[in-house]
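Next comes run26.txt, with compact mmCIF, C-alpha atoms.
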# COMPACT_ATOMS: atom_id res chain seq x y z
CA MET Y 1 15.80 191.52 -94.91
CA LEU Y 2 15.00 189.56 -91.75
CA LEU Y 3 11.79 188.18 -93.24
CA PHE Y 4 13.55 187.25 -96.47
CA ILE Y 5 16.27 185.36 -94.56
CA PHE Y 6 13.71 183.28 -92.68
CA TRP Y 7 11.73 182.74 -95.88
CA GLU Y 8 14.78 181.18 -97.47
CA LEU Y 9 15.50 179.17 -94.31
CA TRP Y 10 12.01 177.74 -94.13
CA GLN Y 11 12.03 176.86 -97.82
CA ALA Y 12 15.05 174.67 -97.11
CA THR Y 13 13.33 173.11 -94.09
CA PRO Y 14 11.23 169.93 -94.55
CA LEU Y 15 8.12 171.47 -92.98
CA ALA Y 16 5.92 168.85 -94.64
CA GLU Y 17 7.23 166.32 -92.14
CA LEU Y 18 5.29 168.16 -89.43
CA GLY Y 19 2.10 166.92 -91.05
CA ARG Y 20 0.29 170.21 -90.40
CA ALA Y 21 -0.89 172.36 -93.28
CA GLU Y 22 -0.88 175.58 -91.25
CA PHE Y 23 2.90 175.40 -90.87
CA ASP Y 24 4.07 175.86 -94.42
CA THR Y 25 6.55 178.55 -95.44
CA ALA Y 26 3.85 181.13 -96.23
CA HIS Y 27 2.09 180.76 -92.88
CA LEU Y 28 5.34 180.93 -90.92
CA PHE Y 29 6.42 183.97 -92.93
CA TRP Y 30 3.25 185.89 -92.11
CA TYR Y 31 3.42 184.74 -88.48
CA LEU Y 32 6.92 186.20 -88.13
CA ALA Y 33 5.84 189.37 -89.94
CA VAL Y 34 3.17 189.94 -87.28
CA THR Y 35 5.37 189.17 -84.26
CA GLU Y 36 8.22 191.31 -85.57
CA CYS Y 37 5.77 194.12 -86.29
CA VAL Y 38 4.76 194.18 -82.62
CA THR Y 39 8.35 193.96 -81.38
CA LEU Y 40 9.80 196.64 -83.66
CA SER Y 41 6.85 199.02 -83.33
CA VAL Y 42 7.28 199.43 -79.58
CA GLY Y 43 11.07 199.74 -79.41
CA HIS Y 44 12.76 200.47 -76.06
CA PRO Y 45 10.85 203.44 -74.56
CA TYR Y 46 11.61 202.36 -70.98
CA ARG Y 47 14.93 204.16 -71.41
CA PHE Y 48 13.19 207.56 -71.38
CA VAL Y 49 11.55 206.86 -68.01
CA GLU Y 50 14.84 205.57 -66.67
CA ALA Y 51 16.57 208.75 -67.87
CA ASP Y 52 13.92 210.94 -66.21
CA ILE Y 53 14.39 209.10 -62.91
CA ARG Y 54 18.18 209.16 -62.97
CA SER Y 55 18.28 212.85 -63.91
CA GLY Y 56 15.56 213.88 -61.44
CA GLN Y 57 13.39 215.34 -64.19
CA ILE Y 58 10.57 213.01 -63.22
CA ALA Y 59 9.83 215.37 -60.32
CA ALA Y 60 8.45 217.92 -62.80
CA GLY Y 61 6.36 215.23 -64.47
CA LEU Y 62 4.87 214.07 -61.19
CA ALA Y 63 3.91 217.63 -60.29
CA ARG Y 64 1.82 218.15 -63.41
CA PRO Y 65 -1.99 217.80 -63.35
CA LEU Y 66 -1.91 214.92 -65.84
CA PRO Y 67 -0.42 211.84 -64.16
CA TYR Y 68 3.09 211.04 -65.35
CA ALA Y 69 2.12 207.49 -66.32
CA SER Y 70 -0.84 208.66 -68.41
CA ALA Y 71 1.17 211.35 -70.19
CA THR Y 72 4.02 208.94 -70.88
CA LEU Y 73 1.76 206.19 -72.22
CA ALA Y 74 -0.13 208.67 -74.40
CA GLU Y 75 3.13 209.81 -75.97
CA TRP Y 76 4.32 206.24 -76.47
CA ILE Y 77 1.01 205.19 -78.04
CA GLY Y 78 1.33 207.98 -80.60
CA GLU Y 79 4.90 207.01 -81.49
CA THR Y 80 4.08 203.30 -81.60
CA SER Y 81 1.03 203.85 -83.79
CA HIS Y 82 3.15 205.70 -86.34
CA ARG Y 83 5.82 203.00 -86.46
CA LEU Y 84 3.15 200.29 -86.52
CA LEU Y 85 1.47 201.82 -89.56
CA VAL Y 86 4.76 202.07 -91.46
CA LEU Y 87 5.86 198.54 -90.52
CA ALA Y 88 2.43 197.07 -91.29
CA ILE Y 89 2.43 198.55 -94.79
CA ALA Y 90 6.00 197.36 -95.37
CA GLY Y 91 5.22 193.91 -93.95
CA ILE Y 92 2.12 193.41 -96.08
CA ALA Y 93 3.97 194.57 -99.19
CA ALA Y 94 6.88 192.25 -98.45
CA GLY Y 95 4.56 189.36 -97.66
CA LEU Y 96 2.60 189.66 -100.87
CA ALA Y 97 5.76 190.14 -102.93
CA ILE Y 98 7.63 187.19 -101.44
CA THR Y 99 4.92 184.63 -100.70
CA ARG Y 100 2.51 185.72 -103.49
CA ILE Y 101 -0.42 184.85 -101.22
CA ALA Y 102 -2.09 185.85 -97.98
CA PRO Y 103 -2.66 182.45 -96.31
CA PHE Y 104 -5.40 183.77 -94.06
CA SER Y 105 -8.88 185.07 -94.61
CA TRP Y 106 -9.03 188.82 -95.10
CA ALA Y 107 -12.23 188.69 -93.04
CA THR Y 108 -9.98 188.14 -90.01
CA ALA Y 109 -7.87 191.22 -90.83
CA PRO Y 110 -9.77 193.51 -88.40
CA ALA Y 111 -9.30 190.95 -85.61
CA ILE Y 112 -5.58 190.73 -86.43
CA LEU Y 113 -5.25 194.52 -86.24
CA ILE Y 114 -7.09 194.65 -82.92
CA SER Y 115 -4.93 191.83 -81.58
CA ILE Y 116 -1.75 193.62 -82.66
CA ALA Y 117 -2.93 196.83 -80.96
CA LEU Y 118 -3.67 194.95 -77.73
CA ALA Y 119 -0.27 193.26 -77.90
CA CYS Y 120 1.48 196.61 -78.31
CA ALA Y 121 -0.48 198.04 -75.38
CA MET Y 122 0.60 195.14 -73.17
CA VAL Y 123 4.25 195.62 -74.15
CA LEU Y 124 4.06 199.36 -73.44
CA LEU Y 125 2.70 198.72 -69.94
CA CYS Y 126 5.61 196.36 -69.26
CA GLN Y 127 8.05 198.95 -70.62
CA LEU Y 128 6.67 201.56 -68.23
CA GLN Y 129 7.11 199.21 -65.29
CA LEU Y 130 10.65 198.45 -66.40
CA GLY Y 131 11.43 202.15 -66.58
CA TYR Y 132 10.02 202.66 -63.09
CA ALA Y 133 12.32 199.90 -61.81
CA ALA Y 134 15.23 202.32 -62.17
CA ALA Y 135 14.01 204.03 -58.99
CA TRP Y 136 14.97 200.90 -57.06
CA VAL Y 137 17.79 199.27 -59.01
CA GLY Y 138 19.46 202.28 -60.63
CA SER Y 139 19.64 200.78 -64.12
CA ALA Y 140 16.67 198.99 -65.65
CA ALA Y 141 18.68 197.57 -68.56
CA PRO Y 142 19.44 194.17 -66.93
CA LEU Y 143 15.76 193.69 -66.09
CA PHE Y 144 14.80 194.71 -69.60
CA TRP Y 145 17.11 192.14 -71.22
CA ILE Y 146 15.70 189.38 -69.02
CA TRP Y 147 12.14 190.47 -69.78
CA GLN Y 148 12.85 190.75 -73.51
CA LYS Y 149 14.38 187.27 -73.75
CA LEU Y 150 11.42 185.82 -71.85
CA MET Y 151 9.07 187.55 -74.28
CA PHE Y 152 10.98 186.15 -77.26
CA VAL Y 153 10.92 182.58 -75.92
CA LEU Y 154 7.61 182.40 -74.05
CA GLY Y 155 5.88 184.69 -76.52
CA GLY Y 156 6.91 182.68 -79.57
CA LEU Y 157 8.71 185.36 -81.54
CA ILE Y 158 10.00 183.11 -84.32
CA LEU Y 159 8.00 179.90 -83.97
CA PRO Y 160 4.36 179.51 -82.87
CA LEU Y 161 3.84 178.10 -79.39
CA SER Y 162 1.85 175.26 -80.97
CA LEU Y 163 5.20 173.88 -82.19
CA TYR Y 164 6.73 173.92 -78.71
CA PRO Y 165 7.14 170.78 -76.58
CA PRO Y 166 3.90 170.24 -74.58
CA LEU Y 167 5.30 171.27 -71.17
CA LEU Y 168 6.99 174.42 -72.47
CA ARG Y 169 3.85 175.34 -74.39
CA VAL Y 170 1.68 175.05 -71.27
CA ILE Y 171 4.12 177.23 -69.33
CA ALA Y 172 4.31 179.83 -72.11
CA GLU Y 173 0.54 180.06 -72.57
CA ALA Y 174 0.12 180.65 -68.83
CA THR Y 175 2.14 183.89 -69.08
CA PRO Y 176 1.23 187.29 -70.53
CA PHE Y 177 4.05 186.91 -73.06
CA ALA Y 178 1.86 184.63 -75.17
CA GLY Y 179 -0.64 187.46 -75.52
CA MET Y 180 2.08 189.84 -76.70
CA LEU Y 181 3.37 187.84 -79.67
CA TYR Y 182 1.77 184.44 -80.19
CA ALA Y 183 -1.80 185.72 -79.87
CA PRO Y 184 -1.73 188.15 -82.83
CA GLY Y 185 0.58 185.87 -84.81
CA SER Y 186 -1.63 182.83 -84.36
CA LEU Y 187 -4.53 184.55 -86.10
CA VAL Y 188 -2.73 184.34 -89.46
CA LEU Y 189 -2.31 180.57 -89.11
CA GLY Y 190 -6.01 180.02 -89.70
CA ALA Y 191 -8.45 181.23 -87.08
CA SER Y 192 -12.08 180.30 -86.56
CA PRO Y 193 -14.49 182.85 -85.06
CA ALA Y 194 -14.32 180.95 -81.76
CA MET Y 195 -10.52 181.08 -81.76
CA VAL Y 196 -10.56 184.79 -82.51
CA ALA Y 197 -12.91 185.40 -79.59
CA VAL Y 198 -10.81 183.32 -77.19
CA THR Y 199 -7.58 184.99 -78.33
CA LEU Y 200 -8.90 188.52 -77.93
CA ALA Y 201 -10.50 187.67 -74.58
CA GLY Y 202 -7.18 186.34 -73.31
CA GLN Y 203 -5.42 189.50 -74.41
CA PHE Y 204 -7.98 191.74 -72.72
CA PHE Y 205 -7.53 189.71 -69.53
CA TRP Y 206 -3.75 190.11 -69.50
CA LEU Y 207 -4.07 193.77 -70.46
CA ALA Y 208 -6.23 194.31 -67.38
CA VAL Y 209 -3.74 192.43 -65.19
CA LEU Y 210 -0.79 194.41 -66.52
CA GLY Y 211 -2.75 197.63 -66.17
CA ALA Y 212 -3.43 196.88 -62.50
CA ALA Y 213 0.23 195.96 -61.96
CA THR Y 214 1.35 199.20 -63.60
CA PHE Y 215 -0.96 201.20 -61.34
CA LEU Y 216 0.47 199.52 -58.25
CA VAL Y 217 4.06 200.12 -59.37
CA ASP Y 218 3.19 203.75 -60.10
CA ARG Y 219 1.74 204.18 -56.59
CA ALA Y 220 4.83 202.54 -55.09
CA LEU Y 221 7.10 204.87 -57.06
CA ILE Y 222 5.26 207.97 -55.90
CA ALA Y 223 5.35 206.73 -52.30
CA ARG Y 224 9.11 206.12 -52.56
CA PHE Y 225 9.77 209.60 -53.93
CA ALA Y 226 7.53 211.11 -51.24
CA ALA Y 227 9.52 209.34 -48.54
CA TYR Y 228 13.07 209.67 -49.87
CA GLY Y 229 12.91 212.39 -52.52
CA VAL Y 230 13.79 212.14 -56.20
Starting from the coordinates I provided, produce the structure as structure tokens.
Amino acid sequence: MLLFIFWELWQATPLAELGRAEFDTAHLFWYLAVTECVTLSVGHPYRFVEADIRSGQIAAGLARPLPYASATLAEWIGETSHRLLVLAIAGIAAGLAITRIAPFSWATAPAILISIALACAMVLLCQLQLGYAAAWVGSAAPLFWIWQKLMFVLGGLILPLSLYPPLLRVIAEATPFAGMLYAPGSLVLGASPAMVAVTLAGQFFWLAVLGAATFLVDRALIARFAAYGV
């Protein structure tokens, strides 16, 4: 329904005035299909970590041989993969039914899938950090809403960052949010092999940064519980 609404909206929008062939209704439809697929596949799993912290059940998780963060991420990856598969099939079916075309080369499909997987992994790492924040702020919901709105704007949920004003685009591309939504979405707008390589490299970079940040937050959480209890 969401994709159909925007399809109708873009058909009534004079996109030709942009003077850029990659921003017709079909391209923008598929771009939104990819970004929404990432967003909806992950959901709001930070709430489960927050609940474990507020209830004290995280103590049992921290005492297990498998690190709490690893066990949690493994569970989330399984759930996200299932939702991603369902949404991807639904998105492709809707895209072909509504637009009648796939405005990108199917040779780039593997790169798009890899990019989507990397984007989901980045979002999951952020969700884990947000859940951990409950140990310090009590409720992680306010932080989550701020983070989510930043991801929507700086990540380019609805419109590609290449349509943003120059200054805002530079700011957005300098954040990890661009790698979460714009990166996989941009590959359906027409990607050369060089662009694919640069996009994936950027995502791997931000994934490593977020992974290191998650590790540090995890160590800080354990140190806090060791000092003050759960």
Region 41-48 of chain Y: which residues within 9 Å, counting all atoms listed in the file, same-chain residues fewer than 2 positions away excluded, as number ranges by chain? Y: 36-39, 50-53, 76-77, 79-87, 120-121, 123-124, 126-132, 140-141, 144
With C-alpha atoms retained, export the selected residues as a PDB file, in the coordinates of the input.
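Final output, saved to result28.pdb:
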ATOM      1  CA  GLU Y  36       8.220 191.310 -85.570  1.00  0.00           C
ATOM      2  CA  CYS Y  37       5.770 194.120 -86.290  1.00  0.00           C
ATOM      3  CA  VAL Y  38       4.760 194.180 -82.620  1.00  0.00           C
ATOM      4  CA  THR Y  39       8.350 193.960 -81.380  1.00  0.00           C
ATOM      5  CA  GLU Y  50      14.840 205.570 -66.670  1.00  0.00           C
ATOM      6  CA  ALA Y  51      16.570 208.750 -67.870  1.00  0.00           C
ATOM      7  CA  ASP Y  52      13.920 210.940 -66.210  1.00  0.00           C
ATOM      8  CA  ILE Y  53      14.390 209.100 -62.910  1.00  0.00           C
ATOM      9  CA  TRP Y  76       4.320 206.240 -76.470  1.00  0.00           C
ATOM     10  CA  ILE Y  77       1.010 205.190 -78.040  1.00  0.00           C
ATOM     11  CA  GLU Y  79       4.900 207.010 -81.490  1.00  0.00           C
ATOM     12  CA  THR Y  80       4.080 203.300 -81.600  1.00  0.00           C
ATOM     13  CA  SER Y  81       1.030 203.850 -83.790  1.00  0.00           C
ATOM     14  CA  HIS Y  82       3.150 205.700 -86.340  1.00  0.00           C
ATOM     15  CA  ARG Y  83       5.820 203.000 -86.460  1.00  0.00           C
ATOM     16  CA  LEU Y  84       3.150 200.290 -86.520  1.00  0.00           C
ATOM     17  CA  LEU Y  85       1.470 201.820 -89.560  1.00  0.00           C
ATOM     18  CA  VAL Y  86       4.760 202.070 -91.460  1.00  0.00           C
ATOM     19  CA  LEU Y  87       5.860 198.540 -90.520  1.00  0.00           C
ATOM     20  CA  CYS Y 120       1.480 196.610 -78.310  1.00  0.00           C
ATOM     21  CA  ALA Y 121      -0.480 198.040 -75.380  1.00  0.00           C
ATOM     22  CA  VAL Y 123       4.250 195.620 -74.150  1.00  0.00           C
ATOM     23  CA  LEU Y 124       4.060 199.360 -73.440  1.00  0.00           C
ATOM     24  CA  CYS Y 126       5.610 196.360 -69.260  1.00  0.00           C
ATOM     25  CA  GLN Y 127       8.050 198.950 -70.620  1.00  0.00           C
ATOM     26  CA  LEU Y 128       6.670 201.560 -68.230  1.00  0.00           C
ATOM     27  CA  GLN Y 129       7.110 199.210 -65.290  1.00  0.00           C
ATOM     28  CA  LEU Y 130      10.650 198.450 -66.400  1.00  0.00           C
ATOM     29  CA  GLY Y 131      11.430 202.150 -66.580  1.00  0.00           C
ATOM     30  CA  TYR Y 132      10.020 202.660 -63.090  1.00  0.00           C
ATOM     31  CA  ALA Y 140      16.670 198.990 -65.650  1.00  0.00           C
ATOM     32  CA  ALA Y 141      18.680 197.570 -68.560  1.00  0.00           C
ATOM     33  CA  PHE Y 144      14.800 194.710 -69.600  1.00  0.00           C
TER      34      PHE Y 144
END
Separation of CA of Leu118 (chain Y) from CA of Ser186 (chain Y) in Å: 14.0 Å
Closest to Pro176 (chain Y) among Y:Phe152, Y:Phe104, Y:Tyr164, Y:Trp206, using only C-alpha atoms? Y:Trp206
Shortest interatomic distance to Ser162 (chain Y) - which of Y:Ala117, Y:Leu28, Y:Ala109, Y:Val196, counting all atoms listed in the file: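 Nearest candidate to Ser162 (chain Y) out of Y:Ala117, Y:Leu28, Y:Ala109, Y:Val196: Y:Leu28.
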Provide the CA of His27 (chain Y) to CA of Ile116 (chain Y) distance in Å, to one decimal place.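 A separation of 16.9 Å between them.
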From (14.9, 188.1, -99.0), in the file's coordinates, out to 12 Å: which residues are reached, counting all atoms listed in the file? Answer as a ChimeraX atom specification. /Y:1-11,29,94-95,97-99
Output C-alpha atoms of each residue in that selection to a file, as an mmCIF file, in the coordinates of the input.
data_model
loop_
_atom_site.group_PDB
_atom_site.id
_atom_site.type_symbol
_atom_site.label_atom_id
_atom_site.label_comp_id
_atom_site.auth_asym_id
_atom_site.auth_seq_id
_atom_site.Cartn_x
_atom_site.Cartn_y
_atom_site.Cartn_z
ATOM 1 C CA MET Y 1 15.800 191.520 -94.910
ATOM 2 C CA LEU Y 2 15.000 189.560 -91.750
ATOM 3 C CA LEU Y 3 11.790 188.180 -93.240
ATOM 4 C CA PHE Y 4 13.550 187.250 -96.470
ATOM 5 C CA ILE Y 5 16.270 185.360 -94.560
ATOM 6 C CA PHE Y 6 13.710 183.280 -92.680
ATOM 7 C CA TRP Y 7 11.730 182.740 -95.880
ATOM 8 C CA GLU Y 8 14.780 181.180 -97.470
ATOM 9 C CA LEU Y 9 15.500 179.170 -94.310
ATOM 10 C CA TRP Y 10 12.010 177.740 -94.130
ATOM 11 C CA GLN Y 11 12.030 176.860 -97.820
ATOM 12 C CA PHE Y 29 6.420 183.970 -92.930
ATOM 13 C CA ALA Y 94 6.880 192.250 -98.450
ATOM 14 C CA GLY Y 95 4.560 189.360 -97.660
ATOM 15 C CA ALA Y 97 5.760 190.140 -102.930
ATOM 16 C CA ILE Y 98 7.630 187.190 -101.440
ATOM 17 C CA THR Y 99 4.920 184.630 -100.700
#
With distances taken over all atoms listed in the file, which of Y:Leu187, Y:Ala174, Y:Leu181, Y:Ile92 is nearest to Ile158 (chain Y)?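 The shortest atom-to-atom distance to Ile158 (chain Y) comes from Y:Leu181.
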Find the distance between CA of Ile89 (chain Y) and CA of Glu173 (chain Y) and write it in Å to one decimal.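 For CA of Ile89 (chain Y) relative to CA of Glu173 (chain Y), the distance reads 29.0 Å.
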Across Y:Leu125, Y:Ala134, Y:Leu154, Y:Leu159, the smallest distance to Leu210 (chain Y), with only C-alpha atoms counted, is shown by Y:Leu125
Report as a list in words all protein, DNA and RNA residues lying within 8 Å of Leu161 (chain Y), evaluated on all atoms listed in the file, omitting residues in the same chain fewer than 4 positions from it.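 That gives Leu154, Gly155, Gly156, Arg169, Ala172, Glu173 and Tyr182 of chain Y.
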Point out the residue among Y:Ala111, Y:Thr25, Y:Pro65, Y:Val137 with the least atom-to-atom distance to Pro193 (chain Y), counting only C-alpha atoms.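 Comparing Y:Ala111, Y:Thr25, Y:Pro65, Y:Val137 against Pro193 (chain Y), the winner is Y:Ala111.
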Centre, x/y/z edge lengths, axis-aligned box for region 64-73 of chain Y with 8 Å per side, as AutoDock Vina command-line options:
--center_x 1.0 --center_y 212.2 --center_z -67.8 --size_x 22.0 --size_y 28.0 --size_z 24.9
